[in-house]
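The structure under discussion appears below in the form of structure tokens.
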Amino acid sequence: MEHITFLVAVVIVTALAFDFTNGFHDTANAMATSIATGALRPKVAVAISAVLNFAGAFLSVKVAGTISGGIVNEKAGVHPSVIFAALAGAILWNLLTWLRGLPSSSSHALYGGLIGATVVGVGLHGVNFSVVAGKILIPAVASPIVAGLAAWGATKAAYLITRRAGEKTTTKAFKKGQMVSASLVSLAHGTNDAQKTMGIITLTLVSAGALPKHSLPPTWVVASAGLAIALGTYMGGWRIIRSMGKGLTDVRPPQGFAAETATTAVILTSSHMGYGLSTTQVVSGGIMGAGLGGPARQVHWSMARRMVYTWGLTLPAAAAVSGAAAFVADRGTWGVLLVGAVLVLGAGSMWLLSRRQPVTAGNVNEVTPVEVVTAAPSTQAVAAPTVGAPAPITTTAA
């Protein structure tokens, strides 16, 4: 019993650590475009996002139910060590993609980790693959497309409505609008992503017998998960903010407003339906749609391809790492300690590597030009920079 109690405590702490990484990894989802257009100062943006992520955690628990009683079969006898292994794999993948500045999905890292660890620790019967397909895989494909189309239409409408207004007036108005739309994205993000950690903690408590099956997250779980993601958000995932704000397209205020509005609508609808989608993919789809809907119709397709490759790799990669971790952790206390040591060592190493070329609030909008991979002139961002403006970000193909 003491071993189980200790393991449950370890899993809860690790789940909150994942929630923290989710916060700074996904800050870009809400604030990248507002920071890129200058609508909000970087530190102000992440502070607003942190507060609204915390508030959003209290608005719904349907996604938490998808995690705790949907993906994993509660009757299969999932042990806390399996959940610990799932979290270890998800955290390591989050940190690796953050180090590389790649906007991968924290949600899919968690789902992949949970699936891989459960298959190894329990067996195939421990995973409800129908739920995985219906509430994770299908939304993963559909949500960025829906957000992209909505943002494309909203951008077209924004430019059409303001076509007779002066550029200065239009820019000022849409920057003010972005203060609201970006805030709504943060609120929506809290309703979806914070719940995933709530679901993991609830699943742990159910597996340990501390809660009955099909329980909803207790209030202390909701509050702690909301606080962890808010603190992570305030830290600011500046590397990914740079990639999202400057890497996909040269976002202008009307496009930023359109992308954020479309993103909010998709995320809130999905949260209401209990779909555990990737907010990263939704935002990315919205930004690409807004880029194509603007006058220049520009998207940096080389960066977009790298992102899509990362999305496709996230779930299986996290599953593989977590499956290996589950195999070790299932050996007993020494296995759990070994997995924990590898997690701490890996996280510390990636943080030290990030210090070699730090990205902060002060330089998040600075970009360094690299080789251009030319696509169609109408869609590839290859415009010459104006005097005094930063050079356009471009990336090599993966």
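By order in the structure tokens, chains are A, B, ...; within a chain, residues start at 1; ligands start at 1, following the order shown.
The list of residues with at least one atom within 9 Å of Gly294 of chain A, based on only C-alpha atoms and without residues fewer than 6 positions apart in the same chain, reads Trp152, Thr155, Lys156, Tyr159, Val251, Arg252, Pro254 and Gln255 of chain A.
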*asked:* Would you pick out the contacts of segment 326-336 of chain A at 6 Å or less, using only C-alpha atoms, so that residues sharing its chain but fewer than 3 positions from it are not included, and give the list as a list in words?
replied: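 The contact residues come out as Ser81, Val82, Ala85, Ala117, Gly121, Ser322, Gly323 and Val339 of chain A.
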_All residues 12 Å or closer to Thr162 of chain A, only C-alpha atoms, same chain fewer than 5 positions away omitted, as a list in words_ =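 My reading of the contact set: Thr155, Lys156, Ala157, Glu167, Lys168, Thr169, Thr170, Thr171, Lys172, Ala173, Phe174 and Pro254 of chain A.
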*For Ser224 of chain A, work out the shell of residues within 12 Å, counting only C-alpha atoms and skipping chain neighbours fewer than 2 positions away, then give it as number ranges by chain.*
A: 12-13, 15-17, 19-20, 54-55, 57-58, 194-195, 197-198, 201, 217-222, 226-231
With C-alpha atoms retained, export the selected residues as a PDB file, in the first residue's frame.
```pdb
ATOM      1  CA  ILE A  12       0.386  13.403  -9.747  1.00  0.00           C
ATOM      2  CA  VAL A  13       3.551  15.518  -9.503  1.00  0.00           C
ATOM      3  CA  ALA A  15       1.270  15.023 -14.413  1.00  0.00           C
ATOM      4  CA  LEU A  16       1.473  18.594 -13.148  1.00  0.00           C
ATOM      5  CA  ALA A  17       5.001  18.830 -14.578  1.00  0.00           C
ATOM      6  CA  ASP A  19       0.864  20.383 -17.571  1.00  0.00           C
ATOM      7  CA  PHE A  20       3.573  22.977 -16.963  1.00  0.00           C
ATOM      8  CA  PHE A  54      -6.449  29.146 -15.572  1.00  0.00           C
ATOM      9  CA  ALA A  55     -10.009  30.455 -15.909  1.00  0.00           C
ATOM     10  CA  ALA A  57      -9.817  25.112 -16.827  1.00  0.00           C
ATOM     11  CA  PHE A  58     -13.009  25.584 -14.796  1.00  0.00           C
ATOM     12  CA  ALA A 194      -5.805  21.843 -18.965  1.00  0.00           C
ATOM     13  CA  GLN A 195      -8.435  19.124 -18.854  1.00  0.00           C
ATOM     14  CA  THR A 197      -3.941  16.631 -17.104  1.00  0.00           C
ATOM     15  CA  MET A 198      -7.114  16.555 -15.017  1.00  0.00           C
ATOM     16  CA  ILE A 201      -4.734  12.544 -12.497  1.00  0.00           C
ATOM     17  CA  PRO A 217     -12.094  15.367 -11.624  1.00  0.00           C
ATOM     18  CA  PRO A 218     -12.343  16.629  -8.026  1.00  0.00           C
ATOM     19  CA  THR A 219     -12.131  20.391  -7.506  1.00  0.00           C
ATOM     20  CA  TRP A 220      -8.555  20.244  -6.204  1.00  0.00           C
ATOM     21  CA  VAL A 221      -7.504  18.431  -9.389  1.00  0.00           C
ATOM     22  CA  VAL A 222      -9.151  21.078 -11.575  1.00  0.00           C
ATOM     23  CA  GLY A 226      -5.281  25.026 -14.115  1.00  0.00           C
ATOM     24  CA  LEU A 227      -2.554  26.573 -11.978  1.00  0.00           C
ATOM     25  CA  ALA A 228       0.194  24.392 -13.485  1.00  0.00           C
ATOM     26  CA  ILE A 229      -0.718  25.221 -17.074  1.00  0.00           C
ATOM     27  CA  ALA A 230      -1.036  28.910 -16.172  1.00  0.00           C
ATOM     28  CA  LEU A 231       2.449  28.993 -14.641  1.00  0.00           C
TER      29      LEU A 231
END
```
_Between atom CA of Trp98 of chain A and atom CA of Gln357 of chain A, what distance in Å does the model show, to one decimal?_
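It comes out at 12.8 Å.
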*Find the residues near Pro144 of chain A: any atom within 9 Å, counting only C-alpha atoms, skip ones fewer than 4 places away on the same chain, and give them as a list in words.*
Pro139, Ala140, Gly148, Leu149, Thr263, Val266, Ser278, Thr279, Thr280, Gln281, Val282, Val283, Ser284, Gly285 and Gly286 of chain A
*Test item, helix (DSSP H, G or I) assignment across segment 30-238 of chain A, answer as an MDAnalysis selection string*: chainID A and resid 30:37 42:56 62:71 74:76 80:99 106:121 124:126 129:161 167:207 219:235 238
